[in-house]
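Student: Sending over coords36.cif (mmCIF, C-alpha atoms).
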```cif
data_input
#
loop_
_atom_site.label_atom_id
_atom_site.label_comp_id
_atom_site.auth_asym_id
_atom_site.auth_seq_id
_atom_site.Cartn_x
_atom_site.Cartn_y
_atom_site.Cartn_z
CA MET W 67 0.00 0.00 0.00
CA CYS W 68 1.30 3.45 -0.83
CA VAL W 69 0.27 7.03 -0.17
CA GLU W 70 1.14 8.49 -3.56
CA ALA W 71 -2.48 9.21 -4.43
CA LEU W 72 -2.99 11.30 -1.31
CA PRO W 73 -2.69 15.09 -1.57
CA PRO W 74 0.42 16.77 -0.18
CA PRO W 75 0.39 18.18 3.37
CA SER W 76 -2.24 20.88 3.45
CA GLY W 77 -2.19 24.37 4.89
CA ARG W 78 -5.30 23.80 6.98
CA LEU W 79 -3.16 22.93 9.99
CA THR W 80 -1.00 26.03 10.17
CA ARG W 81 2.46 26.44 11.65
CA ARG W 82 0.83 28.54 14.36
CA GLY W 83 -1.54 25.72 15.26
CA VAL W 84 1.23 23.13 15.39
CA LEU W 85 3.42 25.35 17.55
CA ALA W 86 0.57 26.12 19.92
CA GLY W 87 -0.22 22.42 20.29
CA ALA W 88 3.42 21.54 20.73
CA ALA W 89 3.74 24.30 23.32
CA ALA W 90 1.04 22.66 25.41
CA LEU W 91 2.81 19.32 25.15
CA ALA W 92 6.09 20.97 26.12
CA GLY W 93 4.45 22.28 29.27
CA THR W 94 4.49 25.96 28.36
CA ALA W 95 2.30 28.50 26.62
CA ALA W 96 5.27 30.79 26.14
CA ALA W 97 5.74 29.64 22.56
CA ALA W 98 2.32 30.88 21.45
CA ALA W 99 3.26 34.52 20.93
CA PRO W 100 6.34 33.90 18.77
CA ALA W 101 4.39 31.20 16.94
CA ALA W 102 1.84 33.80 15.89
CA ALA W 103 4.62 36.14 14.86
CA ALA W 104 6.15 33.32 12.80
CA GLU W 105 3.12 33.40 10.50
CA ARG W 106 3.03 37.19 10.21
CA ASP W 107 6.65 38.06 9.76
CA ALA W 108 9.35 37.29 7.21
CA PRO W 109 11.69 35.51 7.14
CA SER W 110 9.97 32.34 8.33
CA ALA W 111 10.58 30.72 11.71
CA THR W 112 12.58 27.99 10.02
CA ALA W 113 14.79 30.49 8.21
CA ARG W 114 15.45 32.38 11.44
CA SER W 115 16.35 29.15 13.16
CA ARG W 116 18.90 28.22 10.52
CA SER W 117 20.63 31.58 10.91
CA GLY W 118 20.63 31.42 14.68
CA GLY W 119 17.45 33.43 15.20
CA ALA W 120 16.94 36.78 16.85
CA VAL W 121 16.27 36.57 20.59
CA ARG W 122 15.46 39.05 23.31
CA GLY W 123 18.83 39.17 25.02
CA GLY W 124 20.17 40.90 28.09
CA SER W 125 23.26 43.01 28.73
CA LEU W 126 26.03 41.88 31.03
CA VAL W 127 29.76 42.24 31.67
CA ILE W 128 31.71 39.12 32.64
CA ARG W 129 34.85 40.43 34.28
CA GLY W 130 38.04 39.08 35.76
CA GLY W 131 38.11 35.47 34.62
CA THR W 132 40.43 33.49 32.36
CA LEU W 133 38.92 33.41 28.88
CA LEU W 134 39.41 30.43 26.56
CA ASP W 135 38.78 30.78 22.83
CA PRO W 136 38.21 27.24 21.49
CA ALA W 137 38.77 28.37 17.89
CA THR W 138 42.36 29.43 18.47
CA GLY W 139 43.21 27.88 21.82
CA GLU W 140 44.16 31.35 23.06
CA VAL W 141 43.94 31.88 26.81
CA THR W 142 43.41 35.41 28.13
CA GLU W 143 43.88 36.08 31.82
CA ASN W 144 42.03 38.86 33.64
CA ALA W 145 39.63 39.04 30.73
CA VAL W 146 36.35 40.82 30.17
CA VAL W 147 33.40 39.95 27.96
CA VAL W 148 30.88 42.71 27.23
CA ILE W 149 27.43 41.51 26.14
CA ARG W 150 24.83 43.96 24.86
CA ASP W 151 21.31 42.90 23.92
CA GLY W 152 22.33 39.26 23.95
CA THR W 153 25.36 39.64 21.68
CA VAL W 154 29.07 39.98 22.48
CA SER W 155 30.20 43.52 21.68
CA ALA W 156 33.77 43.14 22.95
CA ALA W 157 36.03 40.54 24.56
CA GLY W 158 39.67 40.57 25.58
CA ARG W 159 42.06 41.74 28.27
CA LEU W 160 40.47 44.00 30.84
CA ARG W 161 42.89 46.80 30.12
CA ASP W 162 42.05 46.71 26.41
CA VAL W 163 38.26 46.65 26.59
CA ALA W 164 36.03 49.56 27.53
CA VAL W 165 33.47 48.51 30.13
CA PRO W 166 30.24 50.53 29.86
CA ASP W 167 29.28 52.57 32.90
CA GLY W 168 26.49 51.18 35.00
CA ALA W 169 26.59 47.76 33.38
CA GLU W 170 25.57 44.69 35.35
CA VAL W 171 28.75 42.82 36.20
CA LEU W 172 29.29 39.10 36.78
CA ASP W 173 32.51 38.61 38.74
CA ALA W 174 34.54 35.78 37.19
CA HIS W 175 37.75 36.14 39.23
CA GLY W 176 39.27 32.74 39.88
CA ARG W 177 37.12 31.11 37.21
CA TRP W 178 37.58 30.12 33.58
CA VAL W 179 35.16 31.53 31.02
CA LEU W 180 34.14 29.61 27.91
CA PRO W 181 31.41 29.99 25.30
CA GLY W 182 28.19 28.16 26.07
CA LEU W 183 28.36 24.53 25.00
CA VAL W 184 26.44 22.84 22.18
CA ASP W 185 24.63 19.51 22.61
CA ALA W 186 24.30 18.23 19.06
CA HIS W 187 21.98 15.34 19.93
CA ILE W 188 19.35 15.76 22.62
CA HIS W 189 15.63 15.04 22.98
CA LEU W 190 13.84 17.96 24.66
CA SER W 191 10.13 17.37 25.15
CA THR W 192 9.29 19.66 28.09
CA ALA W 193 10.06 23.12 29.34
CA ALA W 194 11.68 21.57 32.44
CA GLU W 195 14.09 19.57 30.29
CA ALA W 196 14.95 22.68 28.28
CA ARG W 197 15.77 24.60 31.47
CA ASP W 198 17.86 21.71 32.74
CA ALA W 199 19.91 21.65 29.56
CA VAL W 200 20.72 25.35 29.88
CA ARG W 201 21.61 25.09 33.56
CA GLN W 202 24.05 22.31 32.75
CA GLY W 203 25.81 24.42 30.15
CA ALA W 204 24.09 23.55 26.86
CA THR W 205 23.10 26.98 25.56
CA SER W 206 22.63 25.64 22.02
CA ALA W 207 21.45 22.24 20.85
CA ARG W 208 20.17 20.09 18.02
CA SER W 209 17.13 17.93 18.60
CA GLY W 210 17.29 14.20 17.95
CA SER W 211 13.50 14.28 17.32
CA THR W 212 10.40 14.34 19.52
CA SER W 213 7.13 12.42 19.28
CA PHE W 214 4.72 15.36 18.81
CA TYR W 215 6.77 18.35 17.60
CA GLN W 216 7.60 19.48 21.15
CA ASP W 217 11.10 20.45 19.98
CA ILE W 218 9.63 23.06 17.64
CA ALA W 219 7.83 24.62 20.61
CA VAL W 220 11.07 24.55 22.63
CA ARG W 221 12.81 26.33 19.75
CA GLU W 222 10.20 29.07 19.85
CA LEU W 223 10.41 29.26 23.65
CA ALA W 224 14.15 29.86 23.32
CA ARG W 225 13.51 32.82 21.03
CA HIS W 226 10.93 34.30 23.35
CA SER W 227 12.72 33.61 26.65
CA PRO W 228 16.30 32.49 25.95
CA ALA W 229 17.16 31.90 29.62
CA LEU W 230 14.57 29.10 29.64
CA ALA W 231 15.81 27.01 26.74
CA PRO W 232 18.83 26.42 24.53
CA ARG W 233 18.94 27.82 21.02
CA LEU W 234 17.52 24.76 19.29
CA THR W 235 17.71 23.21 15.85
CA ALA W 236 14.52 21.15 15.68
CA ALA W 237 14.14 17.76 13.99
CA GLY W 238 10.40 17.26 14.37
CA VAL W 239 9.29 13.62 14.29
CA PHE W 240 11.41 10.56 13.53
CA VAL W 241 11.40 9.06 10.03
CA THR W 242 11.20 5.44 11.16
CA PRO W 243 9.38 2.32 9.94
CA ASP W 244 7.00 2.22 12.91
CA LEU W 245 5.66 5.66 13.80
CA GLY W 246 3.49 4.30 16.59
CA GLU W 247 1.54 7.04 18.36
CA THR W 248 3.44 9.66 16.36
CA VAL W 249 0.88 9.21 13.56
CA LEU W 250 -1.30 11.42 15.78
CA ALA W 251 1.24 14.25 15.73
CA ASP W 252 -0.24 15.66 12.54
CA PRO W 253 -3.40 14.86 10.55
CA ASP W 254 -1.26 14.53 7.44
CA LEU W 255 0.56 11.58 9.03
CA THR W 256 -2.52 9.58 10.00
CA PRO W 257 -2.96 7.87 6.58
CA LEU W 258 0.37 6.14 7.24
CA ALA W 259 -1.21 4.16 10.09
CA ARG W 260 -2.87 1.81 7.58
CA LEU W 261 0.37 0.82 5.86
CA LYS W 262 0.92 -2.89 6.46
CA ASP W 263 4.71 -2.67 6.32
CA GLY W 264 5.04 0.73 7.97
CA VAL W 265 6.91 3.72 6.60
CA ARG W 266 9.05 2.00 4.00
CA SER W 267 7.83 2.89 0.52
CA ALA W 268 9.34 5.86 -1.28
CA GLU W 269 5.99 7.66 -1.07
CA ALA W 270 5.66 7.11 2.68
CA LEU W 271 9.23 8.17 3.37
CA ARG W 272 8.74 11.35 1.37
CA ARG W 273 5.50 12.11 3.18
CA VAL W 274 7.08 12.08 6.65
CA VAL W 275 9.89 14.33 5.42
CA GLU W 276 7.41 16.70 3.77
CA VAL W 277 5.17 16.90 6.83
CA ASN W 278 8.20 17.65 8.99
CA ALA W 279 9.33 20.39 6.64
CA ALA W 280 5.82 21.85 6.40
CA ARG W 281 5.55 21.98 10.18
CA GLY W 282 8.83 23.83 10.63
CA ALA W 283 11.53 21.23 11.26
CA ASP W 284 15.08 22.47 10.62
CA VAL W 285 16.63 19.04 10.04
CA ILE W 286 15.38 15.49 9.41
CA LYS W 287 16.12 12.55 11.72
CA THR W 288 16.03 8.94 10.56
CA ARG W 289 17.51 5.57 11.48
CA VAL W 290 19.30 2.72 9.73
CA ASN W 291 19.45 0.29 12.69
CA GLU W 292 17.26 -0.76 15.58
CA ARG W 293 17.75 0.81 19.03
CA ALA W 294 20.47 -0.04 21.54
CA GLY W 295 18.42 1.18 24.49
CA LEU W 296 15.67 -1.43 24.15
CA PRO W 297 16.70 -4.94 25.25
CA GLU W 298 14.27 -6.61 22.84
CA GLN W 299 15.87 -4.92 19.82
CA ASP W 300 19.16 -5.75 18.08
CA PRO W 301 21.13 -2.57 17.25
CA LEU W 302 22.83 -4.38 14.37
CA THR W 303 19.57 -5.15 12.59
CA GLN W 304 19.15 -2.82 9.59
CA VAL W 305 15.71 -1.30 9.08
CA TYR W 306 16.29 0.85 5.98
CA SER W 307 18.28 0.06 2.83
CA HIS W 308 20.66 2.36 0.99
CA GLU W 309 17.87 3.10 -1.49
CA GLN W 310 15.41 4.04 1.24
CA LEU W 311 17.97 6.25 2.97
CA SER W 312 18.73 7.94 -0.35
CA GLU W 313 15.01 8.64 -0.77
CA ILE W 314 14.93 10.33 2.65
CA VAL W 315 18.05 12.39 1.92
CA THR W 316 16.76 13.46 -1.50
CA ALA W 317 13.40 14.50 -0.06
CA ALA W 318 15.12 16.43 2.72
CA ARG W 319 17.46 18.21 0.32
CA ARG W 320 14.53 19.33 -1.78
CA ARG W 321 13.34 21.14 1.32
CA GLY W 322 16.82 22.47 2.17
CA LYS W 323 17.28 20.10 5.12
CA GLY W 324 20.18 17.95 6.23
CA VAL W 325 19.69 14.47 7.69
CA LEU W 326 21.02 12.95 10.90
CA CYS W 327 20.95 9.17 11.04
CA HIS W 328 20.78 6.81 14.03
CA SER W 329 23.21 3.98 13.28
CA TYR W 330 25.26 1.17 14.83
CA GLY W 331 26.36 -1.53 12.38
CA GLU W 332 29.11 -0.89 9.85
CA ARG W 333 26.99 -1.84 6.84
CA GLY W 334 24.25 0.52 7.98
CA CYS W 335 26.75 3.28 8.71
CA HIS W 336 28.24 2.94 5.24
CA ASP W 337 24.83 2.90 3.57
CA ALA W 338 23.81 6.03 5.48
CA VAL W 339 26.99 7.95 4.70
CA THR W 340 27.00 7.06 1.00
CA ALA W 341 23.31 7.98 0.83
CA GLY W 342 24.37 11.53 1.72
CA ILE W 343 23.45 12.09 5.37
CA ARG W 344 24.85 15.13 7.14
CA SER W 345 25.78 13.38 10.40
CA LEU W 346 26.14 9.83 11.69
CA GLU W 347 24.72 9.33 15.18
CA HIS W 348 26.10 6.70 17.59
CA GLY W 349 28.05 4.74 14.94
CA VAL W 350 29.58 2.20 17.34
CA PHE W 351 30.87 -0.22 14.72
CA VAL W 352 31.78 2.29 12.02
CA ALA W 353 34.85 1.00 10.16
CA GLU W 354 37.76 2.39 8.21
CA ARG W 355 36.11 2.43 4.79
CA THR W 356 33.19 4.46 6.13
CA LEU W 357 35.42 6.84 8.08
CA ALA W 358 37.37 7.48 4.88
CA GLU W 359 34.10 8.24 3.08
CA MET W 360 33.03 10.55 5.92
CA ARG W 361 36.30 12.44 5.71
CA ARG W 362 35.90 12.82 1.94
CA ARG W 363 32.31 14.02 2.20
CA GLY W 364 32.65 16.10 5.35
CA THR W 365 30.07 13.93 7.14
CA TYR W 366 29.96 14.60 10.89
CA PHE W 367 30.21 11.94 13.58
CA THR W 368 28.10 12.44 16.72
CA PRO W 369 29.00 9.36 18.81
CA THR W 370 26.85 10.05 21.90
CA LEU W 371 29.38 8.36 24.19
CA THR W 372 27.37 9.54 27.19
CA ALA W 373 24.36 7.48 26.17
CA ILE W 374 26.41 4.35 25.52
CA ALA W 375 28.21 4.76 28.85
CA GLY W 376 24.80 5.12 30.48
CA LEU W 377 23.74 1.71 29.16
CA ALA W 378 26.53 0.11 31.17
CA GLN W 379 24.85 1.41 34.35
CA SER W 380 21.46 -0.04 33.44
CA ALA W 381 19.63 -2.36 35.82
CA ASP W 382 18.69 -4.46 32.80
CA PRO W 383 21.43 -7.09 32.31
CA VAL W 384 21.08 -7.08 28.51
CA LEU W 385 21.53 -3.31 28.32
CA ALA W 386 24.33 -3.29 30.89
CA GLU W 387 26.29 -5.88 28.93
CA ARG W 388 25.61 -4.02 25.71
CA GLY W 389 26.95 -0.80 27.21
CA ARG W 390 30.08 -2.47 28.60
CA THR W 391 30.76 -4.08 25.25
CA TYR W 392 29.98 -1.09 23.05
CA LEU W 393 31.73 1.71 24.96
CA PRO W 394 35.38 0.68 24.35
CA VAL W 395 34.56 -0.04 20.69
CA LEU W 396 33.00 3.39 20.28
CA LYS W 397 35.92 5.12 21.99
CA ARG W 398 38.28 3.50 19.49
CA ALA W 399 36.02 4.62 16.64
CA VAL W 400 36.02 8.20 17.96
CA LEU W 401 39.81 8.32 18.16
CA ALA W 402 40.12 6.78 14.69
CA ALA W 403 37.71 9.37 13.32
CA HIS W 404 39.63 12.21 14.94
CA GLU W 405 42.97 10.95 13.63
CA ARG W 406 41.56 10.70 10.12
CA GLY W 407 40.09 14.21 10.16
CA VAL W 408 36.41 13.27 10.42
CA PRO W 409 34.57 16.20 12.06
CA LEU W 410 33.19 15.32 15.50
CA ALA W 411 30.29 16.83 17.42
CA ALA W 412 29.33 16.25 21.04
CA GLY W 413 25.84 15.02 21.89
CA THR W 414 24.44 13.37 25.01
CA ASP W 415 21.31 11.75 23.51
CA SER W 416 19.53 12.77 26.70
CA SER W 417 15.86 11.78 26.74
CA GLY W 418 13.01 10.62 28.92
CA GLY W 419 13.23 13.44 31.44
CA THR W 420 16.90 12.96 32.32
CA VAL W 421 19.21 15.64 30.95
CA ARG W 422 22.88 14.73 31.15
CA PRO W 423 25.51 17.50 31.18
CA ILE W 424 27.09 18.04 27.80
CA GLY W 425 30.38 18.40 29.68
CA ARG W 426 30.21 14.65 30.29
CA GLU W 427 30.41 14.05 26.54
CA VAL W 428 33.50 16.25 26.37
CA GLU W 429 34.98 14.24 29.25
CA LEU W 430 34.39 10.99 27.34
CA MET W 431 35.83 12.47 24.14
CA ARG W 432 38.96 13.22 26.16
CA ALA W 433 38.93 9.70 27.60
CA ALA W 434 38.75 8.34 24.04
CA GLY W 435 42.11 9.96 23.34
CA LEU W 436 41.35 13.43 21.98
CA PRO W 437 43.55 16.27 23.25
CA ALA W 438 41.65 18.45 25.72
CA LEU W 439 41.26 21.40 23.35
CA ASP W 440 39.98 19.18 20.55
CA ALA W 441 37.53 17.53 22.94
CA ILE W 442 36.24 20.98 23.94
CA ARG W 443 35.88 21.91 20.28
CA THR W 444 33.44 19.02 19.73
CA ALA W 445 31.00 20.91 21.99
CA THR W 446 31.84 24.41 20.75
CA THR W 447 33.25 25.29 17.32
CA GLY W 448 32.82 21.80 15.83
CA ALA W 449 29.22 21.34 16.88
CA ALA W 450 28.48 24.94 15.85
CA ARG W 451 29.61 24.17 12.29
CA LEU W 452 27.41 21.09 12.18
CA LEU W 453 24.40 23.20 13.16
CA GLY W 454 25.30 25.92 10.67
CA LEU W 455 25.90 28.34 13.56
CA GLU W 456 29.66 28.80 13.25
CA ARG W 457 29.24 32.58 13.07
CA THR W 458 26.86 32.65 16.02
CA VAL W 459 28.01 30.23 18.73
CA GLY W 460 31.14 28.38 19.85
CA ARG W 461 33.23 31.47 20.68
CA LEU W 462 33.04 34.56 22.85
CA ALA W 463 34.07 37.12 20.26
CA ARG W 464 32.51 40.25 18.84
CA GLY W 465 29.24 39.49 17.06
CA PHE W 466 28.77 36.06 18.62
CA ALA W 467 25.94 35.10 20.94
CA GLY W 468 26.29 36.19 24.55
CA ASP W 469 26.25 32.60 25.83
CA ALA W 470 28.92 31.58 28.34
CA ILE W 471 29.80 29.18 31.10
CA LEU W 472 32.01 29.82 34.10
CA VAL W 473 33.90 26.83 35.49
CA ASP W 474 35.98 26.35 38.60
CA GLY W 475 39.27 25.22 37.07
CA ASP W 476 41.34 24.97 33.92
CA PRO W 477 39.45 22.83 31.37
CA LEU W 478 42.64 22.31 29.36
CA ALA W 479 44.10 20.52 32.37
CA ASP W 480 40.89 18.84 33.54
CA VAL W 481 37.90 18.77 31.19
CA THR W 482 35.66 17.35 33.92
CA VAL W 483 35.15 20.90 35.21
CA LEU W 484 32.78 21.32 32.24
CA THR W 485 30.37 18.81 33.79
CA ARG W 486 29.61 21.21 36.65
CA PRO W 487 29.48 24.83 35.44
CA MET W 488 29.43 27.32 38.30
CA ARG W 489 27.41 29.88 36.31
CA VAL W 490 25.71 29.89 32.93
CA VAL W 491 24.96 32.95 30.83
CA ARG W 492 22.36 32.66 28.09
CA ALA W 493 22.00 35.57 25.66
CA GLY W 494 23.41 38.02 28.19
CA THR W 495 21.33 36.82 31.14
CA ALA W 496 22.94 34.99 34.05
CA VAL W 497 20.86 31.86 34.64
#
```
Would you mind writing the structure in this file as structure tokens?
Tutor:
Amino acid sequence: MCVEALPPPSGRLTRRGVLAGAAALAGTAAAAAPAAAAERDAPSATARSRSGGAVRGGSLVIRGGTLLDPATGEVTENAVVVIRDGTVSAAGRLRDVAVPDGAEVLDAHGRWVLPGLVDAHIHLSTAAEARDAVRQGATSARSGSTSFYQDIAVRELARHSPALAPRLTAAGVFVTPDLGETVLADPDLTPLARLKDGVRSAEALRRVVEVNAARGADVIKTRVNERAGLPEQDPLTQVYSHEQLSEIVTAARRRGKGVLCHSYGERGCHDAVTAGIRSLEHGVFVAERTLAEMRRRGTYFTPTLTAIAGLAQSADPVLAERGRTYLPVLKRAVLAAHERGVPLAAGTDSSGGTVRPIGREVELMRAAGLPALDAIRTATTGAARLLGLERTVGRLARGFAGDAILVDGDPLADVTVLTRPMRVVRAGTAV
């Protein structure tokens, strides 16, 4: 059975309506006002998201700390960062930067100051989870999908009240064979519920991509393997072929979207990369031939070491054994990717109400063998490039977002300080 004869996603369910509904699911009505503005104003909400989006930012001076620029590795002692209306207007040595009179000052003496971190794979379904992510240092993020477009509401919440949510690149709903209850996320998805074999035909795959795009998703999320976090599933079982993945990528590109792909087995990883995905997620058993292809294509690797390490702590014996087995393999894959020049991005794969600190992913990148500065870059400049925000986040320099974390120690000597930020600044507001 196919869905080719059905009309394309209609305009009867507007972006405003989807965002308002998603806002309720996310536990906040704060997204409603910017959702209405998204329909009135140009450019569109999606276009603003891809460029970083304008937010209502605060003004603040961070003074006296040791400033680290991940892009260059430069360390500036007794530094000052001046943030005006949510954007850095100046940063450097205190003696070289004019501090505006009467500005609110955050004393950073004895602390290191870094740009806010980026979690490139996280599932944020509630306002509480969004706040948690910010408080733990993730001031920007990319969604790994949600069941009912909650991530789009979180994205709008971040524009309206940036201290309450990270700047978010939304993925909408998962392109997966079995949508389950997600068929109720949008009336244009409900015809897929009658498909005997699930979302597998070219027409069905295109429909999920098109509905996501129509409802405001910034990127498209799909899978090539079953899940590692469910004991009844085998993460090496492939659920989509190279041809099906190519169909998803082609449909996404027509809408100007990149694709992130959940993956574990080497064959699946290779099929996903050669199909043209933008980033490979998890990728435990990715092998040399695929890493070489990723380097050639500029495909990103988001290994989500934090999630795999979390499996090893599971009370379920199957998951615990899976985590213990997979983690050392994934660490070796991460180091191999780094040594071969494959771009890496940090992501926790936090979900289900538990938000893990993105600093933990940096810690595990370091444990995999990356130098400290390179590990930090996976959650700053590297992840920013993956999200298309390299001119907005990842540094504390003039024109960049006024997002920062203050940590109690030198992260170049001990990256674990990033797991427990002492203060977080989001768009010029101390959280």
Student: Restricting the calculation to only C-alpha atoms, which member of W:Glu359, W:Glu170, W:Glu387, W:Glu247 is positioned closest to W:Gly124?
Tutor: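 Residue with the minimum atom-to-atom distance to W:Gly124: W:Glu170.
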Student: Considering only C-alpha atoms, return as an MDAnalysis selection string whatever protein or nucleic-acid residues lie within 8 Å of stretch 335-342 of chain W, sequence-local ones (same chain, fewer than 6 positions apart) excluded.
Tutor: chainID W and resid 290 307:309 311:312 315 327 329 349 352 355:356 359:360 365
Student: Out of W:Glu347, W:Asp474, W:Asp135, W:Glu298, which residue has the shortest atom-to-atom distance to W:Thr447 when counting only C-alpha atoms?
Tutor: W:Asp135
Student: Would you tabulate, counting all atoms listed in the file, all residues of stretch 288-404 of chain W that have an atom at most 6 Å from an atom of stretch 422-435 of chain W, showing the closest pair of atoms and their distance in Å to one decimal, sorted by chain then ascending number, as a tab-separated table?
Tutor:
```
residue	atom	partner	partner_atom	distance
W:Thr372	CA	W:Glu427	CA	5.5
W:Lys397	CA	W:Ala434	CA	4.8
W:Leu401	CA	W:Gly435	CA	5.9
```
Student: Selection from above, C-alpha atoms, as a CSV table (one decimal), keeping the file's coordinate frame, can you write it?
Tutor:
```
chain,number,residue,atom,x,y,z
W,372,THR,CA,27.4,9.5,27.2
W,397,LYS,CA,35.9,5.1,22.0
W,401,LEU,CA,39.8,8.3,18.2
```
Student: Could you pull the residues within 12 Å of W:Glu143, counting only C-alpha atoms, minus those fewer than 2 positions along the same chain, as a PyMOL selection string?
Tutor: chain W and resi 129-135+140-141+145-147+157-161+174-179+476
Student: Quick one: write out the picked residues with C-alpha atoms as a PDB file, in the frame of the given file?
Tutor:
```pdb
ATOM      1  CA  ARG W 129      34.850  40.430  34.280  1.00  0.00           C
ATOM      2  CA  GLY W 130      38.040  39.080  35.760  1.00  0.00           C
ATOM      3  CA  GLY W 131      38.110  35.470  34.620  1.00  0.00           C
ATOM      4  CA  THR W 132      40.430  33.490  32.360  1.00  0.00           C
ATOM      5  CA  LEU W 133      38.920  33.410  28.880  1.00  0.00           C
ATOM      6  CA  LEU W 134      39.410  30.430  26.560  1.00  0.00           C
ATOM      7  CA  ASP W 135      38.780  30.780  22.830  1.00  0.00           C
ATOM      8  CA  GLU W 140      44.160  31.350  23.060  1.00  0.00           C
ATOM      9  CA  VAL W 141      43.940  31.880  26.810  1.00  0.00           C
ATOM     10  CA  ALA W 145      39.630  39.040  30.730  1.00  0.00           C
ATOM     11  CA  VAL W 146      36.350  40.820  30.170  1.00  0.00           C
ATOM     12  CA  VAL W 147      33.400  39.950  27.960  1.00  0.00           C
ATOM     13  CA  ALA W 157      36.030  40.540  24.560  1.00  0.00           C
ATOM     14  CA  GLY W 158      39.670  40.570  25.580  1.00  0.00           C
ATOM     15  CA  ARG W 159      42.060  41.740  28.270  1.00  0.00           C
ATOM     16  CA  LEU W 160      40.470  44.000  30.840  1.00  0.00           C
ATOM     17  CA  ARG W 161      42.890  46.800  30.120  1.00  0.00           C
ATOM     18  CA  ALA W 174      34.540  35.780  37.190  1.00  0.00           C
ATOM     19  CA  HIS W 175      37.750  36.140  39.230  1.00  0.00           C
ATOM     20  CA  GLY W 176      39.270  32.740  39.880  1.00  0.00           C
ATOM     21  CA  ARG W 177      37.120  31.110  37.210  1.00  0.00           C
ATOM     22  CA  TRP W 178      37.580  30.120  33.580  1.00  0.00           C
ATOM     23  CA  VAL W 179      35.160  31.530  31.020  1.00  0.00           C
ATOM     24  CA  ASP W 476      41.340  24.970  33.920  1.00  0.00           C
TER      25      ASP W 476
END
```
Student: Between W:Val421, W:Ala399, W:Ile343, W:Ala169, single out the one closest to W:Leu190, counting all atoms listed in the file.
Tutor: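 Smallest separation from W:Leu190 among the options: W:Val421.
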Student: What is the distance, in Å and to one decimal place, between atom CA of W:Gly460 and atom CA of W:Thr420?
Tutor: 24.4 Å
Student: Evaluating the PyMOL selection byres ((chain W and resi 230) around 12) on the displayed file yields which residues, as an MDAnalysis selection string?
Tutor: chainID W and resid 94 96:97 121:123 192:201 204:206 220:229 231:234 490:493 495:497
Student: For this file, the PyMOL selection byres ((chain W and resi 471) around 8) selects which residues, as a CSV table (one decimal) with C-alpha atoms, in the coordinates of the input?
Tutor:
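Output saved as expr.csv:
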```csv
chain,number,residue,atom,x,y,z
W,179,VAL,CA,35.2,31.5,31.0
W,180,LEU,CA,34.1,29.6,27.9
W,181,PRO,CA,31.4,30.0,25.3
W,182,GLY,CA,28.2,28.2,26.1
W,183,LEU,CA,28.4,24.5,25.0
W,203,GLY,CA,25.8,24.4,30.2
W,469,ASP,CA,26.2,32.6,25.8
W,470,ALA,CA,28.9,31.6,28.3
W,472,LEU,CA,32.0,29.8,34.1
W,473,VAL,CA,33.9,26.8,35.5
W,487,PRO,CA,29.5,24.8,35.4
W,488,MET,CA,29.4,27.3,38.3
W,489,ARG,CA,27.4,29.9,36.3
W,490,VAL,CA,25.7,29.9,32.9
W,491,VAL,CA,25.0,33.0,30.8
```
Student: What gap, in Å, lies between atom CA of W:Arg406 and atom CA of W:Asp440?
Tutor: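 Interatomic distance here is 13.5 Å.
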Student: Any chance you could resolve the PyMOL selection byres ((chain W and resi 264) around 10) against this file and give the residues as a list in words?
Tutor: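 Applied to this file, the PyMOL selection byres ((chain W and resi 264) around 10) returns Met67, Cys68, Thr242, Pro243, Asp244, Leu245, Gly246, Leu258, Ala259, Arg260, Leu261, Lys262, Asp263, Val265, Arg266, Ser267, Ala270 and Leu271 of chain W.
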Student: For the selection you just gave me, I'd like the residues written to a file as a compact mmCIF listing (two decimals), in the coordinates of the input, keeping C-alpha atoms.
Tutor:
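In the end it all went to part_29.txt:
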```txt
# COMPACT_ATOMS: atom_id res chain seq x y z
CA MET W 67 0.00 0.00 0.00
CA CYS W 68 1.30 3.45 -0.83
CA THR W 242 11.20 5.44 11.16
CA PRO W 243 9.38 2.32 9.94
CA ASP W 244 7.00 2.22 12.91
CA LEU W 245 5.66 5.66 13.80
CA GLY W 246 3.49 4.30 16.59
CA LEU W 258 0.37 6.14 7.24
CA ALA W 259 -1.21 4.16 10.09
CA ARG W 260 -2.87 1.81 7.58
CA LEU W 261 0.37 0.82 5.86
CA LYS W 262 0.92 -2.89 6.46
CA ASP W 263 4.71 -2.67 6.32
CA VAL W 265 6.91 3.72 6.60
CA ARG W 266 9.05 2.00 4.00
CA SER W 267 7.83 2.89 0.52
CA ALA W 270 5.66 7.11 2.68
CA LEU W 271 9.23 8.17 3.37
```
